[in-house]
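K.L.:
Provided herewith is a single structure, encoded as structure tokens, for subsequent inquiry.
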Amino acid sequence: MIRHLFKMVWNRKRKNALIIVEILCSFVALFGVALTVLHFMDNARRPLGFEWRDTWCIAMNYDAPGPGEQANIWDTIDRIMLTAKAFPEVKAVAASDATPYTDNMFSMISGSAGDLVTDSYQDIFQVKLSQGRWFSREDDACSWLPVVINEQLAREFSPDGSPLGKRISPPEDKIDLRVVGVMPDFRRRGEYAAPENFAFFRLSPLKDRQFTPRYLLLRTQAGTGAGFEENLAARLQDVARNISFDIRSMESVSDEFLKTILLRLL
């Protein structure tokens, strides 16, 4: 009986080989999907590194300033920030070159993602520090550019000790970057993203007027609704008629971005 079965298998070896290949391919595909799901689940349980609830993102759309025009843009942005801060619902206002839940980034460190932010950015997303300090006005007197990095980058940069006070940019680099603070993590691409090297660079209107931010970030009182968005948009447009504003809650930004991640998995 067994000999007969082996004989049947051998006589149909071409068809059976195709079935085996199909089973193998199905197993590889299923194994890959299972690994991806486990990877996402493992990332989802990790701390995000920031708090996005009750925050708003305002994209400021304006033409790139020409030589010598950055100061004018900064003057307008200063007025925009003061206008937004005057709303009773607003607790803090900051500006940045990118936002969480996007693939945009600004970095001066090789192999690291990052963002260029104003001093009040920490108040917006409640960024915690494990060492050192956040940016402040005392950095205006520094001849170097302060940087806050995450622990993963700190371990790579300074495996034998604390990175605080050390220059993180190469000696031949014209920009002198020095670490003033270390944060546990900052997963800019959301709950399903793996940890990565990340750094914040200080954006100061007094010293870095060659850089102009593209986003305004707000932290508001809990329960702030859509009526606030309409009033804010009208007020900002009155202050800066040459700039268009796209106002969105970070909740909607995160939902949209995470849906694209899940669609890739599906």
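Scheme for the structure tokens: letters A, B, ... for chains in order shown; per-chain residue numbers from 1; ligand numbers from 1 in order shown.
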Pick out each residue of region 14-246 of chain A that DSSP on the backbone tags as helix (DSSP H, G or I); I need them as an MDAnalysis selection string.
P.N.:
chainID A and resid 14:44 70:85 121:125 137:141 151:157 226:239
K.L.:
Would you mind reading off the distance between CA of Met105 (chain A) and CA of Ala194 (chain A), one decimal, in Å?
P.N.:
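So the two atoms, CA of Met105 (chain A) and CA of Ala194 (chain A), lie 15.9 Å apart.
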K.L.:
Set the distance at 10 Å and use only C-alpha atoms: which residues neighbour region 222-227 of chain A once local chain neighbours fewer than 6 positions away are removed? I'd like the list as JSON, numbers by chain.
P.N.:
{"A": [53, 54, 55, 89, 90, 248, 249]}
K.L.:
Can I get the selected residues back with C-alpha atoms, as a PDB file, in the first residue's frame?
P.N.:
```
ATOM      1  CA  ARG A  53      -4.107  65.177  22.920  1.00  0.00           C
ATOM      2  CA  ASP A  54      -5.517  68.720  23.087  1.00  0.00           C
ATOM      3  CA  THR A  55      -2.962  69.949  20.547  1.00  0.00           C
ATOM      4  CA  GLU A  89      -8.407  78.397  25.021  1.00  0.00           C
ATOM      5  CA  VAL A  90      -4.685  78.414  24.198  1.00  0.00           C
ATOM      6  CA  ARG A 248      -6.065  70.612  12.066  1.00  0.00           C
ATOM      7  CA  SER A 249      -6.222  68.895  15.435  1.00  0.00           C
TER       8      SER A 249
END
```
K.L.:
Could you list, as a ChimeraX atom specification, every residue within 7 Å of region 153-170 of chain A, counting only C-alpha atoms and ignoring same-chain residues fewer than 6 positions away?
P.N.:
/A:109,132,176-181,197-198
K.L.:
Would you output that residue set with C-alpha atoms, as a PDB file, in the first residue's frame?
P.N.:
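part23.pdb, written as the output of this step:
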```
ATOM      1  CA  ILE A 109      23.211  64.944  12.459  1.00  0.00           C
ATOM      2  CA  GLY A 132      19.971  67.828  31.289  1.00  0.00           C
ATOM      3  CA  ASP A 176      28.968  73.613  16.519  1.00  0.00           C
ATOM      4  CA  LEU A 177      26.204  71.373  17.917  1.00  0.00           C
ATOM      5  CA  ARG A 178      26.328  70.587  21.637  1.00  0.00           C
ATOM      6  CA  VAL A 179      24.046  68.373  23.692  1.00  0.00           C
ATOM      7  CA  VAL A 180      22.148  70.098  26.503  1.00  0.00           C
ATOM      8  CA  GLY A 181      19.457  67.480  27.168  1.00  0.00           C
ATOM      9  CA  ASN A 197      17.810  58.257  16.486  1.00  0.00           C
ATOM     10  CA  PHE A 198      16.194  61.644  17.015  1.00  0.00           C
TER      11      PHE A 198
END
```
K.L.:
Please provide as a list of chain:residue names all residues within 10 Å of Pro205 (chain A), with the sequence filter that same-chain residues fewer than 3 positions apart are discarded (counting only C-alpha atoms).
P.N.:
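Listed by chain and then number, they are A:Gln70, A:Ala71, A:Trp74, A:Asp75, A:Ile77, A:Asp78, A:Thr118, A:Asp140, A:Arg202, A:Asp208, A:Arg209, A:Gln210, A:Phe211, A:Thr212, A:Pro213.
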K.L.:
Let me make sure I understand: among A:Leu263, A:Leu35, A:Val253, A:Ala240, which one has the smallest atom-to-atom distance to Ile80 (chain A) if we use only C-alpha atoms?
P.N.:
A:Ala240
K.L.:
Extract, using only C-alpha atoms, all DNA, RNA and protein residues at most 10 Å from Asp63 (chain A), discarding same-chain residues fewer than 2 positions from it, and format them as a CSV table (one decimal) with all heavy atoms, in the first residue's frame.
P.N.:
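Generated output (part-v1.csv):
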```
chain,number,residue,atom,x,y,z
A,60,MET,N,1.5,76.7,7.8
A,60,MET,CA,1.6,78.0,7.3
A,60,MET,C,2.2,77.9,5.9
A,60,MET,O,3.4,77.6,5.7
A,60,MET,CB,2.5,78.9,8.2
A,60,MET,CG,1.9,79.1,9.6
A,60,MET,SD,2.9,80.2,10.6
A,60,MET,CE,4.4,79.2,10.9
A,61,ASN,N,1.4,78.3,4.9
A,61,ASN,CA,1.8,78.1,3.5
A,61,ASN,C,2.2,79.5,3.0
A,61,ASN,O,1.3,80.4,2.8
A,61,ASN,CB,0.7,77.5,2.7
A,61,ASN,CG,0.3,76.2,3.2
A,61,ASN,OD1,1.1,75.3,3.4
A,61,ASN,ND2,-1.0,76.0,3.5
A,65,PRO,N,11.1,82.7,1.4
A,65,PRO,CA,11.6,84.0,1.4
A,65,PRO,C,13.0,84.1,0.6
A,65,PRO,O,13.8,83.2,0.7
A,65,PRO,CB,11.9,84.3,2.9
A,65,PRO,CG,12.0,82.9,3.5
A,65,PRO,CD,11.1,82.0,2.7
A,66,GLY,N,13.2,85.2,-0.1
A,66,GLY,CA,14.4,85.4,-0.8
A,66,GLY,C,15.5,85.9,0.2
A,66,GLY,O,15.3,86.1,1.4
A,73,ILE,N,9.5,87.6,7.3
A,73,ILE,CA,8.7,86.5,7.6
A,73,ILE,C,8.6,86.2,9.1
A,73,ILE,O,7.5,85.9,9.7
A,73,ILE,CB,9.2,85.2,6.9
A,73,ILE,CG1,9.0,85.3,5.4
A,73,ILE,CG2,8.5,83.9,7.4
A,73,ILE,CD1,7.6,85.3,4.9
A,242,ASN,N,-1.1,87.4,3.5
A,242,ASN,CA,-0.2,86.8,2.5
A,242,ASN,C,0.1,85.4,2.8
A,242,ASN,O,0.9,84.7,2.1
A,242,ASN,CB,1.1,87.6,2.3
A,242,ASN,CG,1.9,87.7,3.6
A,242,ASN,OD1,1.3,87.7,4.7
A,242,ASN,ND2,3.2,87.8,3.5
A,243,ILE,N,-0.4,84.8,3.9
A,243,ILE,CA,-0.1,83.4,4.3
A,243,ILE,C,-1.5,82.7,4.4
A,243,ILE,O,-2.4,83.2,4.9
A,243,ILE,CB,0.6,83.4,5.7
A,243,ILE,CG1,2.0,84.0,5.6
A,243,ILE,CG2,0.7,81.9,6.1
A,243,ILE,CD1,2.7,84.0,6.9
```
K.L.:
Can you tell me, as a tab-separated table (two decimals) with all heavy atoms, in the first residue's frame, what residues are no more than 12 Å from Asp255 (chain A) when counting only C-alpha atoms, ignoring any on the same chain fewer than 3 positions away?
P.N.:
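Just written: part_30.tsv:
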```
chain	number	residue	atom	x	y	z
A	52	TRP	N	-0.06	64.06	22.42
A	52	TRP	CA	-0.65	64.82	21.33
A	52	TRP	C	-2.09	65.27	21.60
A	52	TRP	O	-2.64	66.08	20.85
A	52	TRP	CB	-0.64	64.00	20.04
A	52	TRP	CG	-1.25	62.63	20.17
A	52	TRP	CD1	-0.58	61.45	20.38
A	52	TRP	CD2	-2.64	62.29	20.11
A	52	TRP	NE1	-1.47	60.40	20.45
A	52	TRP	CE2	-2.74	60.89	20.29
A	52	TRP	CE3	-3.81	63.01	19.92
A	52	TRP	CZ2	-3.96	60.22	20.28
A	52	TRP	CZ3	-5.03	62.34	19.91
A	52	TRP	CH2	-5.09	60.96	20.09
A	53	ARG	N	-2.72	64.78	22.65
A	53	ARG	CA	-4.11	65.18	22.92
A	53	ARG	C	-4.19	66.67	23.28
A	53	ARG	O	-3.29	67.20	23.93
A	53	ARG	CB	-4.69	64.31	24.04
A	53	ARG	CG	-4.87	62.85	23.62
A	53	ARG	CD	-5.23	61.96	24.79
A	53	ARG	NE	-5.40	60.57	24.37
A	53	ARG	CZ	-4.39	59.73	24.18
A	53	ARG	NH1	-3.14	60.15	24.37
A	53	ARG	NH2	-4.61	58.49	23.80
A	100	PRO	N	4.89	65.85	14.42
A	100	PRO	CA	4.71	64.40	14.56
A	100	PRO	C	3.68	63.86	13.58
A	100	PRO	O	2.87	64.62	13.04
A	100	PRO	CB	4.21	64.25	16.01
A	100	PRO	CG	4.67	65.49	16.71
A	100	PRO	CD	4.61	66.58	15.68
A	101	TYR	N	3.74	62.56	13.34
A	101	TYR	CA	2.83	61.87	12.43
A	101	TYR	C	2.99	62.35	10.98
A	101	TYR	O	2.03	62.45	10.23
A	101	TYR	CB	1.37	62.02	12.88
A	101	TYR	CG	1.11	61.36	14.21
A	101	TYR	CD1	0.96	62.13	15.35
A	101	TYR	CD2	1.00	59.97	14.31
A	101	TYR	CE1	0.73	61.52	16.58
A	101	TYR	CE2	0.77	59.36	15.53
A	101	TYR	CZ	0.64	60.14	16.66
A	101	TYR	OH	0.42	59.55	17.88
A	102	THR	N	4.22	62.68	10.61
A	102	THR	CA	4.54	62.96	9.22
A	102	THR	C	5.92	62.36	8.94
A	102	THR	O	6.64	61.97	9.86
A	102	THR	CB	4.60	64.46	8.91
A	102	THR	OG1	5.67	65.06	9.64
A	102	THR	CG2	3.30	65.15	9.25
A	189	ARG	N	6.83	59.14	14.12
A	189	ARG	CA	5.93	58.50	13.16
A	189	ARG	C	4.83	57.69	13.83
A	189	ARG	O	4.15	56.90	13.19
A	189	ARG	CB	6.72	57.63	12.18
A	189	ARG	CG	7.78	58.42	11.42
A	189	ARG	CD	8.51	57.62	10.37
A	189	ARG	NE	7.66	57.39	9.21
A	189	ARG	CZ	7.17	56.22	8.86
A	189	ARG	NH1	7.40	55.15	9.62
A	189	ARG	NH2	6.42	56.08	7.78
A	190	GLY	N	4.66	57.90	15.14
A	190	GLY	CA	3.50	57.34	15.81
A	190	GLY	C	3.69	56.02	16.52
A	190	GLY	O	4.80	55.49	16.63
A	191	GLU	N	2.56	55.50	16.99
A	191	GLU	CA	2.55	54.33	17.87
A	191	GLU	C	3.14	53.07	17.25
A	191	GLU	O	3.67	52.22	17.96
A	191	GLU	CB	1.11	54.05	18.33
A	191	GLU	CG	0.57	55.04	19.35
A	191	GLU	CD	0.08	56.33	18.74
A	191	GLU	OE1	0.28	56.56	17.53
A	191	GLU	OE2	-0.50	57.14	19.49
A	248	ARG	N	-5.55	71.96	11.79
A	248	ARG	CA	-6.07	70.61	12.07
A	248	ARG	C	-5.71	70.22	13.49
A	248	ARG	O	-4.64	70.61	14.00
A	248	ARG	CB	-5.48	69.58	11.09
A	248	ARG	CG	-5.77	69.85	9.63
A	248	ARG	CD	-5.10	68.82	8.74
A	248	ARG	NE	-5.62	67.49	9.01
A	248	ARG	CZ	-5.08	66.38	8.51
A	248	ARG	NH1	-4.01	66.44	7.76
A	248	ARG	NH2	-5.61	65.20	8.77
A	249	SER	N	-6.56	69.44	14.12
A	249	SER	CA	-6.22	68.90	15.43
A	249	SER	C	-5.22	67.76	15.24
A	249	SER	O	-5.26	67.05	14.22
A	249	SER	CB	-7.47	68.38	16.15
A	249	SER	OG	-7.98	67.23	15.48
A	250	MET	N	-4.32	67.58	16.18
A	250	MET	CA	-3.34	66.50	16.08
A	250	MET	C	-4.03	65.14	16.15
A	250	MET	O	-3.50	64.15	15.66
A	250	MET	CB	-2.30	66.62	17.18
A	250	MET	CG	-1.24	67.68	16.94
A	250	MET	SD	-0.34	67.51	15.37
A	250	MET	CE	0.36	65.87	15.54
A	251	GLU	N	-5.22	65.10	16.73
A	251	GLU	CA	-5.97	63.84	16.75
A	251	GLU	C	-6.32	63.40	15.33
A	251	GLU	O	-6.15	62.23	14.97
A	251	GLU	CB	-7.26	64.01	17.56
A	251	GLU	CG	-8.08	62.73	17.65
A	251	GLU	CD	-9.32	62.89	18.50
A	251	GLU	OE1	-9.60	64.03	18.94
A	251	GLU	OE2	-10.02	61.89	18.73
A	252	SER	N	-6.79	64.34	14.49
A	252	SER	CA	-7.12	63.99	13.11
A	252	SER	C	-5.86	63.70	12.30
A	252	SER	O	-5.86	62.81	11.44
A	252	SER	CB	-7.91	65.12	12.45
A	252	SER	OG	-7.12	66.29	12.33
A	258	LEU	N	-1.94	57.06	10.88
A	258	LEU	CA	-1.94	55.67	11.32
A	258	LEU	C	-2.79	54.80	10.40
A	258	LEU	O	-2.50	53.60	10.23
A	258	LEU	CB	-2.43	55.57	12.76
A	258	LEU	CG	-1.51	56.22	13.81
A	258	LEU	CD1	-2.11	56.10	15.20
A	258	LEU	CD2	-0.13	55.58	13.79
A	259	LYS	N	-3.83	55.35	9.81
A	259	LYS	CA	-4.64	54.59	8.86
A	259	LYS	C	-3.82	54.18	7.65
A	259	LYS	O	-3.97	53.08	7.12
A	259	LYS	CB	-5.86	55.40	8.43
A	259	LYS	CG	-6.97	55.44	9.47
A	259	LYS	CD	-8.14	56.29	8.99
A	259	LYS	CE	-9.23	56.37	10.06
A	259	LYS	NZ	-10.35	57.26	9.63
A	260	THR	N	-2.94	55.07	7.19
A	260	THR	CA	-2.09	54.71	6.05
A	260	THR	C	-1.14	53.58	6.41
A	260	THR	O	-0.85	52.71	5.58
A	260	THR	CB	-1.29	55.93	5.57
A	260	THR	OG1	-0.42	56.39	6.62
A	260	THR	CG2	-2.21	57.07	5.19
A	261	ILE	N	-0.65	53.57	7.66
A	261	ILE	CA	0.23	52.49	8.11
A	261	ILE	C	-0.53	51.17	8.12
A	261	ILE	O	-0.02	50.13	7.65
A	261	ILE	CB	0.79	52.79	9.52
A	261	ILE	CG1	1.60	54.10	9.50
A	261	ILE	CG2	1.65	51.64	10.01
A	261	ILE	CD1	2.84	54.07	8.67
A	262	LEU	N	-1.75	51.17	8.65
A	262	LEU	CA	-2.54	49.94	8.73
A	262	LEU	C	-2.96	49.47	7.34
A	262	LEU	O	-3.04	48.25	7.09
A	262	LEU	CB	-3.78	50.18	9.59
A	262	LEU	CG	-3.49	50.42	11.08
A	262	LEU	CD1	-4.79	50.74	11.83
A	262	LEU	CD2	-2.81	49.23	11.72
```
